[in-house]
Structure formats: structure tokens, C-alpha cells
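Shown here: input.cif, mmCIF, C-alpha atoms; chains and numbers go by the auth columns.
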data_work
loop_
_atom_site.group_PDB
_atom_site.id
_atom_site.type_symbol
_atom_site.label_atom_id
_atom_site.label_comp_id
_atom_site.label_asym_id
_atom_site.label_seq_id
_atom_site.Cartn_x
_atom_site.Cartn_y
_atom_site.Cartn_z
_atom_site.B_iso_or_equiv
_atom_site.auth_seq_id
_atom_site.auth_asym_id
ATOM 1 C CA MET A 1 -31.857 10.469 -9.198 0.00 223 A
ATOM 2 C CA GLY A 2 -31.815 12.473 -6.019 0.00 224 A
ATOM 3 C CA LEU A 3 -29.250 15.016 -4.941 0.00 225 A
ATOM 4 C CA GLY A 4 -27.496 12.663 -2.520 0.00 226 A
ATOM 5 C CA GLU A 5 -27.080 9.872 -5.044 0.00 227 A
ATOM 6 C CA ARG A 6 -25.908 12.291 -7.730 0.00 228 A
ATOM 7 C CA ARG A 7 -23.273 13.682 -5.370 0.00 229 A
ATOM 8 C CA ALA A 8 -22.136 10.169 -4.480 0.00 230 A
ATOM 9 C CA TRP A 9 -21.651 9.329 -8.169 0.00 231 A
ATOM 10 C CA ILE A 10 -19.751 12.553 -8.801 0.00 232 A
ATOM 11 C CA THR A 11 -17.514 11.994 -5.765 0.00 233 A
ATOM 12 C CA ALA A 12 -16.717 8.430 -6.808 0.00 234 A
ATOM 13 C CA LEU A 13 -15.955 9.339 -10.417 0.00 235 A
ATOM 14 C CA VAL A 14 -13.812 12.336 -9.499 0.00 236 A
ATOM 15 C CA ALA A 15 -11.869 10.357 -6.863 0.00 237 A
ATOM 16 C CA VAL A 16 -11.024 7.594 -9.327 0.00 238 A
ATOM 17 C CA ALA A 17 -10.179 9.987 -12.150 0.00 239 A
ATOM 18 C CA GLY A 18 -8.011 12.233 -9.969 0.00 240 A
ATOM 19 C CA TYR A 19 -6.075 9.353 -8.454 0.00 241 A
ATOM 20 C CA THR A 20 -5.582 7.742 -11.861 0.00 242 A
ATOM 21 C CA VAL A 21 -4.136 10.971 -13.255 0.00 243 A
ATOM 22 C CA TYR A 22 -1.899 11.276 -10.204 0.00 244 A
ATOM 23 C CA LEU A 23 -0.572 7.738 -10.565 0.00 245 A
ATOM 24 C CA LEU A 24 0.055 8.150 -14.286 0.00 246 A
ATOM 25 C CA VAL A 25 1.988 11.378 -13.796 0.00 247 A
ATOM 26 C CA VAL A 26 4.059 10.119 -10.854 0.00 248 A
ATOM 27 C CA LEU A 27 4.866 6.799 -12.516 0.00 249 A
ATOM 28 C CA GLY A 28 5.696 8.629 -15.742 0.00 250 A
ATOM 29 C CA ARG A 29 8.079 10.944 -13.899 0.00 251 A
ATOM 30 C CA ALA A 30 9.871 7.987 -12.308 0.00 252 A
ATOM 31 C CA ASP A 31 11.082 6.933 -15.762 0.00 253 A
ATOM 32 C CA GLY A 32 12.551 3.698 -14.458 0.00 254 A
ATOM 33 C CA GLY A 33 14.201 5.326 -11.442 0.00 255 A
ATOM 34 C CA PRO A 34 13.212 4.987 -7.809 0.00 256 A
ATOM 35 C CA LEU A 35 9.752 6.304 -6.975 0.00 257 A
ATOM 36 C CA THR A 36 11.046 8.019 -3.864 0.00 258 A
ATOM 37 C CA ALA A 37 13.098 10.376 -6.071 0.00 259 A
ATOM 38 C CA VAL A 38 9.999 11.698 -7.859 0.00 260 A
ATOM 39 C CA ARG A 39 8.776 15.193 -6.934 0.00 261 A
ATOM 40 C CA TYR A 40 5.255 14.073 -6.052 0.00 262 A
ATOM 41 C CA ALA A 41 4.038 16.953 -3.863 0.00 263 A
ATOM 42 C CA PRO A 42 3.170 19.412 -6.662 0.00 264 A
ATOM 43 C CA VAL A 43 1.403 16.661 -8.600 0.00 265 A
ATOM 44 C CA LEU A 44 -0.531 15.616 -5.504 0.00 266 A
ATOM 45 C CA LEU A 45 -1.612 19.179 -4.773 0.00 267 A
ATOM 46 C CA TRP A 46 -2.645 19.830 -8.382 0.00 268 A
ATOM 47 C CA THR A 47 -4.633 16.608 -8.698 0.00 269 A
ATOM 48 C CA VAL A 48 -6.418 17.176 -5.395 0.00 270 A
ATOM 49 C CA GLY A 49 -7.209 20.772 -6.380 0.00 271 A
ATOM 50 C CA GLY A 50 -8.271 19.639 -9.840 0.00 272 A
ATOM 51 C CA ALA A 51 -10.526 16.972 -8.362 0.00 273 A
ATOM 52 C CA ILE A 52 -12.215 19.530 -6.115 0.00 274 A
ATOM 53 C CA ALA A 53 -12.704 21.907 -9.046 0.00 275 A
ATOM 54 C CA ALA A 54 -14.008 19.069 -11.236 0.00 276 A
ATOM 55 C CA ALA A 55 -16.506 18.025 -8.567 0.00 277 A
ATOM 56 C CA VAL A 56 -17.796 21.584 -8.246 0.00 278 A
ATOM 57 C CA LEU A 57 -18.097 21.966 -12.021 0.00 279 A
ATOM 58 C CA LEU A 58 -19.881 18.625 -12.354 0.00 280 A
ATOM 59 C CA GLU A 59 -22.308 19.621 -9.591 0.00 281 A
ATOM 60 C CA ILE A 60 -23.031 22.874 -11.420 0.00 282 A
ATOM 61 C CA ALA A 61 -23.452 21.073 -14.745 0.00 283 A
ATOM 62 C CA ALA A 62 -25.807 18.533 -13.175 0.00 284 A
ATOM 63 C CA ALA A 63 -27.858 21.345 -11.625 0.00 285 A
ATOM 64 C CA VAL A 64 -28.098 23.113 -14.993 0.00 286 A
ATOM 65 C CA ILE A 65 -29.084 19.943 -16.839 0.00 287 A
ATOM 66 C CA ALA A 66 -31.708 18.897 -14.291 0.00 288 A
ATOM 67 C CA PRO A 67 -32.757 21.993 -12.332 0.00 289 A
ATOM 68 C CA GLY A 68 -34.741 21.214 -9.212 0.00 290 A
ATOM 69 C CA ALA A 69 -34.204 17.454 -9.506 0.00 291 A
ATOM 70 C CA GLY A 70 -34.304 15.920 -6.065 0.00 292 A
ATOM 71 C CA LYS A 71 -33.254 18.954 -4.036 0.00 293 A
ATOM 72 C CA ARG A 72 -35.274 17.987 -0.987 0.00 294 A
ATOM 73 C CA THR A 73 -33.728 15.720 1.591 0.00 295 A
ATOM 74 C CA ASP A 74 -35.516 13.586 4.142 0.00 296 A
ATOM 75 C CA MET A 75 -34.635 11.243 7.007 0.00 297 A
ATOM 76 C CA ARG A 76 -33.637 8.469 4.575 0.00 298 A
ATOM 77 C CA ASP A 77 -31.148 10.784 2.825 0.00 299 A
ATOM 78 C CA ARG A 78 -29.616 11.751 6.165 0.00 300 A
ATOM 79 C CA GLU A 79 -29.298 8.106 7.241 0.00 301 A
ATOM 80 C CA ILE A 80 -27.712 7.142 3.917 0.00 302 A
ATOM 81 C CA GLY A 81 -25.322 10.073 4.228 0.00 303 A
ATOM 82 C CA ARG A 82 -24.423 9.000 7.754 0.00 304 A
ATOM 83 C CA LEU A 83 -23.791 5.411 6.617 0.00 305 A
ATOM 84 C CA GLY A 84 -21.551 6.632 3.791 0.00 306 A
ATOM 85 C CA GLU A 85 -19.588 8.797 6.221 0.00 307 A
ATOM 86 C CA HIS A 86 -19.058 5.883 8.598 0.00 308 A
ATOM 87 C CA VAL A 87 -17.849 3.581 5.831 0.00 309 A
ATOM 88 C CA GLY A 88 -15.563 6.269 4.390 0.00 310 A
ATOM 89 C CA GLN A 89 -14.122 7.278 7.748 0.00 311 A
ATOM 90 C CA SER A 90 -13.231 3.694 8.602 0.00 312 A
ATOM 91 C CA PHE A 91 -10.901 3.533 5.598 0.00 313 A
ATOM 92 C CA LEU A 92 -9.454 6.907 6.443 0.00 314 A
ATOM 93 C CA VAL A 93 -8.621 5.660 9.937 0.00 315 A
ATOM 94 C CA LEU A 94 -7.003 2.518 8.495 0.00 316 A
ATOM 95 C CA GLY A 95 -4.888 4.668 6.188 0.00 317 A
ATOM 96 C CA ALA A 96 -3.854 6.933 9.046 0.00 318 A
ATOM 97 C CA VAL A 97 -2.809 3.924 11.124 0.00 319 A
ATOM 98 C CA GLY A 98 -0.825 2.619 8.154 0.00 320 A
ATOM 99 C CA ALA A 99 0.883 5.980 7.677 0.00 321 A
ATOM 100 C CA LEU A 100 1.655 6.148 11.381 0.00 322 A
ATOM 101 C CA ALA A 101 3.219 2.686 11.230 0.00 323 A
ATOM 102 C CA LEU A 102 5.306 3.773 8.246 0.00 324 A
ATOM 103 C CA ALA A 103 6.442 6.883 10.111 0.00 325 A
ATOM 104 C CA MET A 104 7.457 4.836 13.152 0.00 326 A
ATOM 105 C CA ALA A 105 9.358 2.466 10.857 0.00 327 A
ATOM 106 C CA GLU A 106 11.097 5.573 9.458 0.00 328 A
ATOM 107 C CA ALA A 107 9.891 4.905 5.929 0.00 329 A
ATOM 108 C CA ASP A 108 10.505 7.511 3.255 0.00 330 A
ATOM 109 C CA ARG A 109 8.058 10.440 3.275 0.00 331 A
ATOM 110 C CA PHE A 110 7.014 9.422 -0.235 0.00 332 A
ATOM 111 C CA TRP A 111 5.419 6.202 1.042 0.00 333 A
ATOM 112 C CA ILE A 112 3.721 7.927 3.957 0.00 334 A
ATOM 113 C CA ALA A 113 2.186 10.492 1.599 0.00 335 A
ATOM 114 C CA GLN A 114 1.096 7.762 -0.811 0.00 336 A
ATOM 115 C CA THR A 115 -0.575 5.842 1.992 0.00 337 A
ATOM 116 C CA LEU A 116 -2.473 8.915 3.154 0.00 338 A
ATOM 117 C CA TYR A 117 -3.555 9.910 -0.354 0.00 339 A
ATOM 118 C CA LEU A 118 -4.746 6.380 -1.110 0.00 340 A
ATOM 119 C CA ALA A 119 -6.660 6.384 2.186 0.00 341 A
ATOM 120 C CA PHE A 120 -8.448 9.604 1.210 0.00 342 A
ATOM 121 C CA VAL A 121 -9.298 8.199 -2.220 0.00 343 A
ATOM 122 C CA LEU A 122 -10.575 4.908 -0.789 0.00 344 A
ATOM 123 C CA SER A 123 -12.550 6.821 1.816 0.00 345 A
ATOM 124 C CA ALA A 124 -14.294 8.883 -0.857 0.00 346 A
ATOM 125 C CA LEU A 125 -14.788 5.926 -3.184 0.00 347 A
ATOM 126 C CA LEU A 126 -16.088 3.435 -0.636 0.00 348 A
ATOM 127 C CA GLY A 127 -18.219 6.006 1.170 0.00 349 A
ATOM 128 C CA SER A 128 -19.796 6.896 -2.167 0.00 350 A
ATOM 129 C CA ALA A 129 -20.284 3.225 -3.004 0.00 351 A
ATOM 130 C CA ALA A 130 -22.084 2.698 0.308 0.00 352 A
ATOM 131 C CA ARG A 131 -24.363 5.643 -0.473 0.00 353 A
ATOM 132 C CA ILE A 132 -25.099 4.479 -4.014 0.00 354 A
ATOM 133 C CA VAL A 133 -25.886 0.914 -2.900 0.00 355 A
ATOM 134 C CA SER A 134 -28.103 2.256 -0.122 0.00 356 A
ATOM 135 C CA TYR A 135 -30.019 4.458 -2.562 0.00 357 A
ATOM 136 C CA ARG A 136 -30.453 1.571 -5.002 0.00 358 A
ATOM 137 C CA ARG A 137 -31.157 -1.301 -2.592 0.00 359 A
ATOM 138 C CA GLY A 138 -32.223 0.423 0.598 0.00 360 A
ATOM 139 C CA LEU A 139 -30.601 0.740 3.981 0.00 361 A
ATOM 140 C CA PRO A 140 -29.191 -2.468 5.463 0.00 362 A
ATOM 141 C CA TRP A 141 -31.384 -2.289 8.579 0.00 363 A
#
Write-out of the structure in C-alpha cells:
Amino acid sequence: MGLGERRAWITALVAVAGYTVYLLVVLGRADGGPLTAVRYAPVLLWTVGGAIAAAVLLEIAAAVIAPGAGKRTDMRDREIGRLGEHVGQSFLVLGAVGALALAMAEADRFWIAQTLYLAFVLSALLGSAARIVSYRRGLPW
């Protein structure tokens, strides 16, 4: 497995794990009450920071386990990376438009933050999925 594919797997796994932890903590704090009353900001910041730290640690662990495995990149790696970025950014834009619509509708800040966080997670997850599929099956063109 090359460096690009390994990074895509790590990004996907960390995004899902971090968001799952976030949802479990926020839903647990609601305790039957309204979600908008939950103090979500510290949890969001800690899970995002934890996900970044986990990704770095997993990258280091993967480099220790398989030193020198697939460190060279070529034109195919760059094209796959570009495709993954385009797919990921499209979901980020959709999330931003959704958050903007919520802001104009004067929705609670909780829902705007949730929309943006979900957009970032989907961006990472779907961009990684596009990279992984491209590495496994080839580029679509």
C-alpha cells in the first residue's frame, strides 16, 4: 500500500471515529433534554484536536511498522489526490451552503455548528473514499 492510500485510510478511520465519539458524548450530555442546551463547543474542539493527534500518531506508527513503504509519489498519486480533494470539497461547499441557510433562517447556533462539523467529516470521509477507490480500481478517466 502506497503512502497516499495509507493516508486516505487513516483519514477515513479517524474522521468516523472522531465524529462517533463526538455524537456519543453530545447525545449523552443531552440526557433527554433539548440538544441545543448541550455545551457542545468544548467537546467539538477536543474531538477535532484528538482526531488530528490520532491521525499524526497513526501516520507515525505506520511509518515505523513499514519504513520506506511507498514513499515516492508519481503523476498518478497527484491525480488521485486531486480527485479526492475535489470530491471532498464539494461536500464541504454543500455543508457551508446548508449552514448559511440555517443562519439566514436564524436557527440556533448549535444546528449551524453541527451542520459545519458534519460537512467537514463527510468531506474527509468521501474524499478519502474517492482516493481509496481510485487506488484500487484506477482513475475514472
Would you please work out which residue, of A:Leu340, A:Glu281, A:Val243, A:Gly250, is nearest to Trp268 in chain A when using only C-alpha atoms? A:Val243
Apply the PyMOL selection byres ((chain A and resi 262) around 12) to the displayed file and report the matching residues as a VMD selection string. chain A and resid 244 to 252 257 to 261 263 to 269 331 to 336 339
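Taking CA of Ala237 in chain A and CA of Ala283 in chain A as endpoints, the distance between them is 17.6 Å.
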Evaluate the PyMOL selection byres ((chain A and resi 273) around 12) and record the selected residues as number ranges by chain, following the chain and residue labels used in the document. A: 232-244, 265-272, 274-280, 343, 346
For the structure shown, which residues end up in the PyMOL selection byres ((chain A and resi 307) around 9)? Put them as a VMD selection string, please? chain A and resid 302 to 306 308 to 312 345 to 346 349 to 350 352 to 353
Would you write out those residues with C-alpha atoms, as a compact mmCIF listing (two decimals), in the coordinates of the input?
# COMPACT_ATOMS: atom_id res chain seq x y z
CA ILE A 302 -27.71 7.14 3.92
CA GLY A 303 -25.32 10.07 4.23
CA ARG A 304 -24.42 9.00 7.75
CA LEU A 305 -23.79 5.41 6.62
CA GLY A 306 -21.55 6.63 3.79
CA HIS A 308 -19.06 5.88 8.60
CA VAL A 309 -17.85 3.58 5.83
CA GLY A 310 -15.56 6.27 4.39
CA GLN A 311 -14.12 7.28 7.75
CA SER A 312 -13.23 3.69 8.60
CA SER A 345 -12.55 6.82 1.82
CA ALA A 346 -14.29 8.88 -0.86
CA GLY A 349 -18.22 6.01 1.17
CA SER A 350 -19.80 6.90 -2.17
CA ALA A 352 -22.08 2.70 0.31
CA ARG A 353 -24.36 5.64 -0.47
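Closest to Gly224 in chain A among A:Glu328, A:Gly254, A:Val319, A:Asp296 is A:Asp296, based on all atoms listed in the file.
Here CA of Arg298 in chain A and CA of Gly360 in chain A stand 9.1 Å from one another.
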Taking into account only C-alpha atoms, which residue in the set A:Ile354, A:Thr295, A:Leu361, A:Arg300 is nearest to Glu227 in chain A? A:Ile354
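CA of Phe342 in chain A lies 26.0 Å from CA of Asp253 in chain A.
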Residues within 12 Å of Gly320 in chain A, all atoms listed in the file, excluding chain neighbours under 2 positions, as an mmCIF file with C-alpha atoms, keeping the file's coordinate frame:
data_model
loop_
_atom_site.group_PDB
_atom_site.id
_atom_site.type_symbol
_atom_site.label_atom_id
_atom_site.label_comp_id
_atom_site.auth_asym_id
_atom_site.auth_seq_id
_atom_site.Cartn_x
_atom_site.Cartn_y
_atom_site.Cartn_z
ATOM 1 C CA PHE A 313 -10.901 3.533 5.598
ATOM 2 C CA LEU A 314 -9.454 6.907 6.443
ATOM 3 C CA VAL A 315 -8.621 5.660 9.937
ATOM 4 C CA LEU A 316 -7.003 2.518 8.495
ATOM 5 C CA GLY A 317 -4.888 4.668 6.188
ATOM 6 C CA ALA A 318 -3.854 6.933 9.046
ATOM 7 C CA LEU A 322 1.655 6.148 11.381
ATOM 8 C CA ALA A 323 3.219 2.686 11.230
ATOM 9 C CA LEU A 324 5.306 3.773 8.246
ATOM 10 C CA ALA A 325 6.442 6.883 10.111
ATOM 11 C CA MET A 326 7.457 4.836 13.152
ATOM 12 C CA ALA A 327 9.358 2.466 10.857
ATOM 13 C CA ALA A 329 9.891 4.905 5.929
ATOM 14 C CA TRP A 333 5.419 6.202 1.042
ATOM 15 C CA ILE A 334 3.721 7.927 3.957
ATOM 16 C CA ALA A 335 2.186 10.492 1.599
ATOM 17 C CA GLN A 336 1.096 7.762 -0.811
ATOM 18 C CA THR A 337 -0.575 5.842 1.992
ATOM 19 C CA LEU A 338 -2.473 8.915 3.154
ATOM 20 C CA TYR A 339 -3.555 9.910 -0.354
ATOM 21 C CA LEU A 340 -4.746 6.380 -1.110
ATOM 22 C CA ALA A 341 -6.660 6.384 2.186
#
